[in-house]
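start_14.cif (mmCIF, N, CA and C atoms) appears below.
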data_protein
loop_
_atom_site.label_atom_id
_atom_site.label_comp_id
_atom_site.auth_asym_id
_atom_site.auth_seq_id
_atom_site.Cartn_x
_atom_site.Cartn_y
_atom_site.Cartn_z
N MET E 1 -15.48 13.19 30.76
CA MET E 1 -15.23 11.79 30.48
C MET E 1 -15.12 11.61 28.96
N SER E 2 -14.03 11.00 28.52
CA SER E 2 -13.84 10.83 27.09
C SER E 2 -14.39 9.49 26.62
N ALA E 3 -14.80 9.47 25.36
CA ALA E 3 -15.32 8.24 24.77
C ALA E 3 -14.18 7.25 24.55
N ILE E 4 -14.50 5.98 24.62
CA ILE E 4 -13.50 4.95 24.34
C ILE E 4 -13.35 4.84 22.84
N GLU E 5 -12.12 4.93 22.38
CA GLU E 5 -11.84 4.88 20.95
C GLU E 5 -11.15 3.57 20.59
N PRO E 6 -11.42 3.03 19.40
CA PRO E 6 -10.71 1.82 18.98
C PRO E 6 -9.22 2.09 18.82
N ILE E 7 -8.44 1.06 19.05
CA ILE E 7 -7.00 1.14 18.84
C ILE E 7 -6.71 0.47 17.50
N HIS E 8 -6.10 1.19 16.59
CA HIS E 8 -5.77 0.65 15.28
C HIS E 8 -4.37 0.04 15.35
N LEU E 9 -4.30 -1.28 15.40
CA LEU E 9 -3.04 -1.98 15.64
C LEU E 9 -1.96 -1.65 14.62
N PHE E 10 -2.32 -1.57 13.35
CA PHE E 10 -1.30 -1.31 12.33
C PHE E 10 -0.73 0.10 12.43
N GLU E 11 -1.52 1.04 12.98
CA GLU E 11 -1.01 2.40 13.20
C GLU E 11 -0.04 2.44 14.38
N LYS E 12 -0.20 1.52 15.33
CA LYS E 12 0.66 1.47 16.52
C LYS E 12 1.95 0.69 16.28
N ALA E 13 1.97 -0.14 15.24
CA ALA E 13 3.14 -0.99 14.98
C ALA E 13 4.38 -0.13 14.74
N GLU E 14 5.49 -0.54 15.35
CA GLU E 14 6.76 0.17 15.21
C GLU E 14 7.87 -0.88 15.18
N PHE E 15 8.81 -0.70 14.29
CA PHE E 15 9.87 -1.69 14.10
C PHE E 15 11.24 -1.05 14.25
N SER E 16 12.22 -1.88 14.64
CA SER E 16 13.61 -1.44 14.75
C SER E 16 14.49 -2.57 14.23
N LYS E 17 15.51 -2.23 13.49
CA LYS E 17 16.45 -3.24 12.99
C LYS E 17 17.27 -3.83 14.14
N GLU E 18 17.43 -3.09 15.25
CA GLU E 18 18.26 -3.53 16.38
C GLU E 18 17.59 -4.60 17.24
N ASN E 19 16.27 -4.44 17.51
CA ASN E 19 15.60 -5.33 18.44
C ASN E 19 14.09 -5.28 18.19
N PHE E 20 13.37 -6.29 18.68
CA PHE E 20 11.90 -6.25 18.60
C PHE E 20 11.41 -5.04 19.38
N VAL E 21 10.20 -4.56 19.05
CA VAL E 21 9.64 -3.38 19.71
C VAL E 21 8.32 -3.74 20.40
N PRO E 22 8.28 -3.65 21.75
CA PRO E 22 7.02 -3.84 22.46
C PRO E 22 6.31 -2.49 22.61
N LYS E 23 5.08 -2.41 22.11
CA LYS E 23 4.30 -1.16 22.20
C LYS E 23 3.15 -1.38 23.18
N GLN E 24 3.22 -0.73 24.32
CA GLN E 24 2.15 -0.85 25.31
C GLN E 24 0.90 -0.16 24.77
N LEU E 25 -0.20 -0.91 24.69
CA LEU E 25 -1.45 -0.36 24.17
C LEU E 25 -2.42 0.02 25.29
N HIS E 26 -2.38 -0.77 26.37
CA HIS E 26 -3.34 -0.55 27.46
C HIS E 26 -2.82 -1.19 28.74
N ILE E 27 -3.02 -0.47 29.85
CA ILE E 27 -2.78 -1.05 31.18
C ILE E 27 -3.97 -0.62 32.02
N GLY E 28 -4.64 -1.58 32.62
CA GLY E 28 -5.81 -1.28 33.43
C GLY E 28 -5.85 -2.19 34.64
N ASP E 29 -6.95 -2.11 35.40
CA ASP E 29 -7.10 -2.95 36.59
C ASP E 29 -7.29 -4.41 36.20
N ALA E 30 -7.95 -4.64 35.08
CA ALA E 30 -8.31 -6.01 34.68
C ALA E 30 -7.29 -6.65 33.77
N GLY E 31 -6.56 -5.85 33.02
CA GLY E 31 -5.65 -6.45 32.05
C GLY E 31 -4.72 -5.45 31.42
N ALA E 32 -3.88 -6.00 30.57
CA ALA E 32 -2.92 -5.18 29.84
C ALA E 32 -2.80 -5.73 28.43
N ALA E 33 -2.45 -4.87 27.48
CA ALA E 33 -2.27 -5.29 26.09
C ALA E 33 -1.00 -4.67 25.54
N VAL E 34 -0.21 -5.52 24.88
CA VAL E 34 1.06 -5.07 24.28
C VAL E 34 1.14 -5.62 22.86
N LEU E 35 1.54 -4.78 21.93
CA LEU E 35 1.77 -5.19 20.55
C LEU E 35 3.28 -5.37 20.40
N ILE E 36 3.71 -6.57 19.99
CA ILE E 36 5.14 -6.84 19.86
C ILE E 36 5.46 -6.98 18.38
N CYS E 37 6.40 -6.17 17.91
CA CYS E 37 6.72 -6.08 16.49
C CYS E 37 8.15 -6.59 16.24
N PHE E 38 8.27 -7.58 15.35
CA PHE E 38 9.55 -8.23 15.06
C PHE E 38 9.93 -8.07 13.60
N GLU E 39 11.17 -7.71 13.37
CA GLU E 39 11.75 -7.81 12.04
C GLU E 39 12.18 -9.27 11.85
N PRO E 40 12.41 -9.72 10.61
CA PRO E 40 12.88 -11.09 10.40
C PRO E 40 14.12 -11.41 11.24
N GLY E 41 14.10 -12.60 11.87
CA GLY E 41 15.23 -13.06 12.67
C GLY E 41 15.22 -12.62 14.13
N GLN E 42 14.35 -11.70 14.51
CA GLN E 42 14.33 -11.22 15.89
C GLN E 42 13.55 -12.19 16.79
N THR E 43 14.01 -12.29 18.05
CA THR E 43 13.36 -13.17 19.02
C THR E 43 13.21 -12.46 20.36
N MET E 44 12.21 -12.89 21.11
CA MET E 44 12.02 -12.41 22.48
C MET E 44 12.42 -13.57 23.39
N PRO E 45 13.28 -13.32 24.37
CA PRO E 45 13.68 -14.40 25.27
C PRO E 45 12.46 -15.00 25.99
N LEU E 46 12.54 -16.29 26.27
CA LEU E 46 11.50 -17.00 27.00
C LEU E 46 11.34 -16.35 28.38
N HIS E 47 10.10 -16.00 28.74
CA HIS E 47 9.86 -15.33 30.03
C HIS E 47 8.42 -15.58 30.49
N PRO E 48 8.18 -15.66 31.82
CA PRO E 48 6.83 -15.82 32.36
C PRO E 48 6.20 -14.44 32.63
N HIS E 49 4.93 -14.44 32.96
CA HIS E 49 4.20 -13.22 33.35
C HIS E 49 3.56 -13.49 34.71
N PRO E 50 4.34 -13.39 35.80
CA PRO E 50 3.85 -13.78 37.12
C PRO E 50 2.66 -12.95 37.63
N GLY E 51 2.47 -11.74 37.13
CA GLY E 51 1.34 -10.92 37.55
C GLY E 51 0.05 -11.25 36.82
N ALA E 52 0.12 -12.20 35.89
CA ALA E 52 -1.06 -12.54 35.08
C ALA E 52 -1.56 -13.95 35.41
N VAL E 53 -2.87 -14.11 35.38
CA VAL E 53 -3.49 -15.42 35.54
C VAL E 53 -3.43 -16.14 34.21
N GLU E 54 -3.67 -15.37 33.13
CA GLU E 54 -3.69 -15.94 31.79
C GLU E 54 -3.05 -14.96 30.82
N VAL E 55 -2.41 -15.52 29.80
CA VAL E 55 -1.80 -14.72 28.72
C VAL E 55 -2.44 -15.19 27.42
N ILE E 56 -2.93 -14.23 26.64
CA ILE E 56 -3.57 -14.53 25.36
C ILE E 56 -2.71 -13.90 24.27
N LEU E 57 -2.31 -14.71 23.29
CA LEU E 57 -1.49 -14.22 22.19
C LEU E 57 -2.25 -14.39 20.88
N TYR E 58 -2.21 -13.34 20.05
CA TYR E 58 -2.90 -13.35 18.76
C TYR E 58 -1.91 -12.93 17.67
N GLY E 59 -1.84 -13.73 16.62
CA GLY E 59 -0.98 -13.40 15.48
C GLY E 59 -1.65 -12.36 14.59
N VAL E 60 -1.11 -11.15 14.59
CA VAL E 60 -1.70 -10.04 13.83
C VAL E 60 -1.20 -10.04 12.38
N GLU E 61 0.09 -10.32 12.20
CA GLU E 61 0.70 -10.26 10.87
C GLU E 61 1.93 -11.15 10.83
N GLY E 62 2.17 -11.77 9.71
CA GLY E 62 3.38 -12.56 9.51
C GLY E 62 3.30 -13.94 10.14
N GLU E 63 4.48 -14.55 10.30
CA GLU E 63 4.54 -15.89 10.89
C GLU E 63 5.87 -16.11 11.57
N GLY E 64 5.86 -17.03 12.52
CA GLY E 64 7.07 -17.35 13.26
C GLY E 64 6.86 -18.58 14.11
N ILE E 65 7.57 -18.61 15.21
CA ILE E 65 7.49 -19.72 16.17
C ILE E 65 7.15 -19.12 17.52
N LEU E 66 6.32 -19.82 18.29
CA LEU E 66 6.02 -19.41 19.65
C LEU E 66 6.56 -20.47 20.59
N ALA E 67 7.59 -20.10 21.36
CA ALA E 67 8.11 -21.01 22.39
C ALA E 67 7.19 -20.88 23.59
N ILE E 68 6.68 -22.03 24.06
CA ILE E 68 5.79 -22.08 25.21
C ILE E 68 6.35 -23.15 26.15
N GLY E 69 6.99 -22.71 27.22
CA GLY E 69 7.65 -23.67 28.11
C GLY E 69 8.73 -24.41 27.35
N GLU E 70 8.62 -25.74 27.32
CA GLU E 70 9.61 -26.58 26.64
C GLU E 70 9.30 -26.78 25.15
N GLU E 71 8.11 -26.36 24.72
CA GLU E 71 7.66 -26.64 23.35
C GLU E 71 7.84 -25.42 22.44
N GLU E 72 7.89 -25.68 21.13
CA GLU E 72 7.86 -24.62 20.13
C GLU E 72 6.75 -24.96 19.15
N LYS E 73 5.88 -23.98 18.88
CA LYS E 73 4.75 -24.18 17.98
C LYS E 73 4.80 -23.15 16.86
N PRO E 74 4.45 -23.56 15.62
CA PRO E 74 4.30 -22.56 14.56
C PRO E 74 3.19 -21.59 14.95
N PHE E 75 3.38 -20.32 14.65
CA PHE E 75 2.41 -19.29 15.03
C PHE E 75 2.35 -18.27 13.91
N LYS E 76 1.14 -18.00 13.40
CA LYS E 76 1.02 -17.10 12.25
C LYS E 76 -0.21 -16.21 12.37
N LYS E 77 -0.35 -15.31 11.41
CA LYS E 77 -1.48 -14.39 11.35
C LYS E 77 -2.78 -15.18 11.51
N GLY E 78 -3.64 -14.71 12.43
CA GLY E 78 -4.92 -15.35 12.67
C GLY E 78 -4.91 -16.40 13.75
N ASP E 79 -3.72 -16.81 14.24
CA ASP E 79 -3.63 -17.81 15.31
C ASP E 79 -3.87 -17.16 16.66
N LEU E 80 -4.46 -17.95 17.58
CA LEU E 80 -4.77 -17.49 18.93
C LEU E 80 -4.35 -18.58 19.90
N ILE E 81 -3.66 -18.18 20.96
CA ILE E 81 -3.20 -19.15 21.97
C ILE E 81 -3.47 -18.57 23.36
N PHE E 82 -3.91 -19.45 24.27
CA PHE E 82 -4.13 -19.09 25.67
C PHE E 82 -3.15 -19.90 26.51
N CYS E 83 -2.48 -19.27 27.46
CA CYS E 83 -1.63 -20.02 28.38
C CYS E 83 -1.64 -19.36 29.76
N LYS E 84 -1.20 -20.09 30.75
CA LYS E 84 -1.15 -19.58 32.13
C LYS E 84 -0.03 -18.54 32.25
N GLY E 85 -0.23 -17.59 33.16
CA GLY E 85 0.75 -16.52 33.35
C GLY E 85 2.13 -16.99 33.74
N GLU E 86 2.21 -18.11 34.50
CA GLU E 86 3.53 -18.59 34.94
C GLU E 86 4.26 -19.38 33.85
N THR E 87 3.57 -19.71 32.74
CA THR E 87 4.20 -20.45 31.65
C THR E 87 5.12 -19.52 30.87
N PRO E 88 6.41 -19.85 30.75
CA PRO E 88 7.31 -18.99 29.98
C PRO E 88 6.96 -19.04 28.48
N ILE E 89 6.93 -17.86 27.86
CA ILE E 89 6.66 -17.77 26.43
C ILE E 89 7.72 -16.89 25.76
N GLY E 90 7.91 -17.10 24.47
CA GLY E 90 8.87 -16.29 23.72
C GLY E 90 8.63 -16.41 22.23
N PRO E 91 8.01 -15.39 21.61
CA PRO E 91 7.82 -15.41 20.16
C PRO E 91 9.14 -15.20 19.42
N LYS E 92 9.24 -15.82 18.23
CA LYS E 92 10.42 -15.68 17.37
C LYS E 92 9.95 -15.47 15.94
N ASN E 93 10.55 -14.52 15.26
CA ASN E 93 10.23 -14.32 13.85
C ASN E 93 11.18 -15.17 13.02
N THR E 94 10.67 -16.29 12.54
CA THR E 94 11.47 -17.19 11.70
C THR E 94 11.11 -17.02 10.22
N GLY E 95 10.19 -16.09 9.94
CA GLY E 95 9.77 -15.85 8.56
C GLY E 95 10.66 -14.84 7.86
N LEU E 96 10.28 -14.53 6.62
CA LEU E 96 11.05 -13.57 5.81
C LEU E 96 10.49 -12.15 5.90
N ASN E 97 9.30 -12.01 6.50
CA ASN E 97 8.65 -10.71 6.61
C ASN E 97 8.47 -10.33 8.08
N ARG E 98 7.94 -9.16 8.29
CA ARG E 98 7.67 -8.70 9.66
C ARG E 98 6.63 -9.59 10.34
N PHE E 99 6.71 -9.66 11.67
CA PHE E 99 5.85 -10.51 12.49
C PHE E 99 5.31 -9.64 13.62
N ILE E 100 3.97 -9.60 13.77
CA ILE E 100 3.35 -8.79 14.82
C ILE E 100 2.47 -9.71 15.67
N VAL E 101 2.68 -9.64 17.00
CA VAL E 101 1.91 -10.45 17.94
C VAL E 101 1.26 -9.51 18.96
N LEU E 102 -0.04 -9.70 19.19
CA LEU E 102 -0.76 -8.97 20.22
C LEU E 102 -0.81 -9.86 21.46
N VAL E 103 -0.36 -9.32 22.59
CA VAL E 103 -0.36 -10.07 23.85
C VAL E 103 -1.32 -9.36 24.80
N VAL E 104 -2.29 -10.12 25.32
CA VAL E 104 -3.25 -9.60 26.29
C VAL E 104 -3.06 -10.38 27.59
N LEU E 105 -2.87 -9.66 28.69
CA LEU E 105 -2.68 -10.27 30.00
C LEU E 105 -3.93 -10.08 30.84
N VAL E 106 -4.44 -11.17 31.41
CA VAL E 106 -5.53 -11.09 32.40
C VAL E 106 -4.83 -11.05 33.75
N LEU E 107 -4.91 -9.91 34.41
CA LEU E 107 -4.13 -9.69 35.63
C LEU E 107 -4.76 -10.34 36.86
N LYS E 108 -3.90 -10.79 37.78
CA LYS E 108 -4.35 -11.41 39.03
C LYS E 108 -5.19 -10.44 39.85
N LYS E 109 -4.90 -9.16 39.72
CA LYS E 109 -5.63 -8.12 40.43
C LYS E 109 -7.14 -8.26 40.18
N LEU E 110 -7.51 -8.56 38.94
CA LEU E 110 -8.92 -8.71 38.57
C LEU E 110 -9.54 -9.86 39.35
N ILE E 111 -8.87 -10.99 39.42
CA ILE E 111 -9.38 -12.18 40.12
C ILE E 111 -9.51 -11.90 41.61
N GLU E 112 -8.50 -11.25 42.18
CA GLU E 112 -8.52 -10.92 43.61
C GLU E 112 -9.70 -10.00 43.94
N THR E 113 -9.97 -9.02 43.06
CA THR E 113 -11.08 -8.09 43.26
C THR E 113 -12.40 -8.83 43.22
N GLN E 114 -12.57 -9.75 42.27
CA GLN E 114 -13.82 -10.50 42.16
C GLN E 114 -14.03 -11.39 43.38
N ASN E 115 -12.97 -11.98 43.91
CA ASN E 115 -13.08 -12.86 45.06
C ASN E 115 -13.44 -12.10 46.34
N GLN E 116 -13.12 -10.82 46.41
CA GLN E 116 -13.42 -10.00 47.58
C GLN E 116 -14.86 -9.51 47.59
N SER E 117 -15.53 -9.58 46.44
CA SER E 117 -16.91 -9.07 46.32
C SER E 117 -17.89 -9.98 47.03
#
Rendering of file as structure tokens:
Amino acid sequence: MSAIEPIHLFEKAEFSKENFVPKQLHIGDAGAAVLICFEPGQTMPLHPHPGAVEVILYGVEGEGILAIGEEEKPFKKGDLIFCKGETPIGPKNTGLNRFIVLVVLVLKKLIETQNQS
């Protein structure tokens, strides 16, 4: 059995001039974590997460806009947002520098398992 090691987000960050880069950090029974890295001007299309009960987004670096359903909110380093899995979201890098967002999904599988106990 191996020890659990911290994940260093800045070491995992990867960028491409062609498109934003989603880096899968963790997939488990209870949740998943993805680091999304944007160059200036890059956007992720609005999309829901139907397998998740809740989606948690954290601004790791830079600033941009977070589209949440019909709304757009400024989103920057240090910001934290919680939304339902069925709510469509789409980060956009509207800044002049790189933009990194950590997305954590609380999976429905976890809730179903707890309800069966």
*Please evaluate the PyMOL selection byres (((chain E and resi 53-58 and name CA) around 10) and name CA) against the displayed coordinates and give the resulting residues as a PyMOL selection string.*
chain E and resi 31-35+48-52+59-61+66+75-87+89+91+100-111
*In segment 8-45 of chain E, what's strand (DSSP E or B) per DSSP? Answer as a ChimeraX atom specification?*
/E:21-27,31-38,43
*So how far away is atom CA of Glu18 of chain E from atom CA of Pro40 of chain E, in Å?*
11.0 Å
*Give me, please, the distance in Å between atom N of Gln42 of chain E and atom C of Lys92 of chain E, quoted to one decimal.*
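So the answer is 6.0 Å.
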*Would you mind reading off the distance between atom N of Glu14 of chain E and atom N of Leu46 of chain E, one decimal, in Å?*
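Between these atoms lies a distance of 20.4 Å.
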*Given the choices E:Pro74, E:Asn97, E:Thr43, E:Cys37, which gets closest to Gly62 of chain E if the distance is worked out from only C-alpha atoms?*
E:Asn97
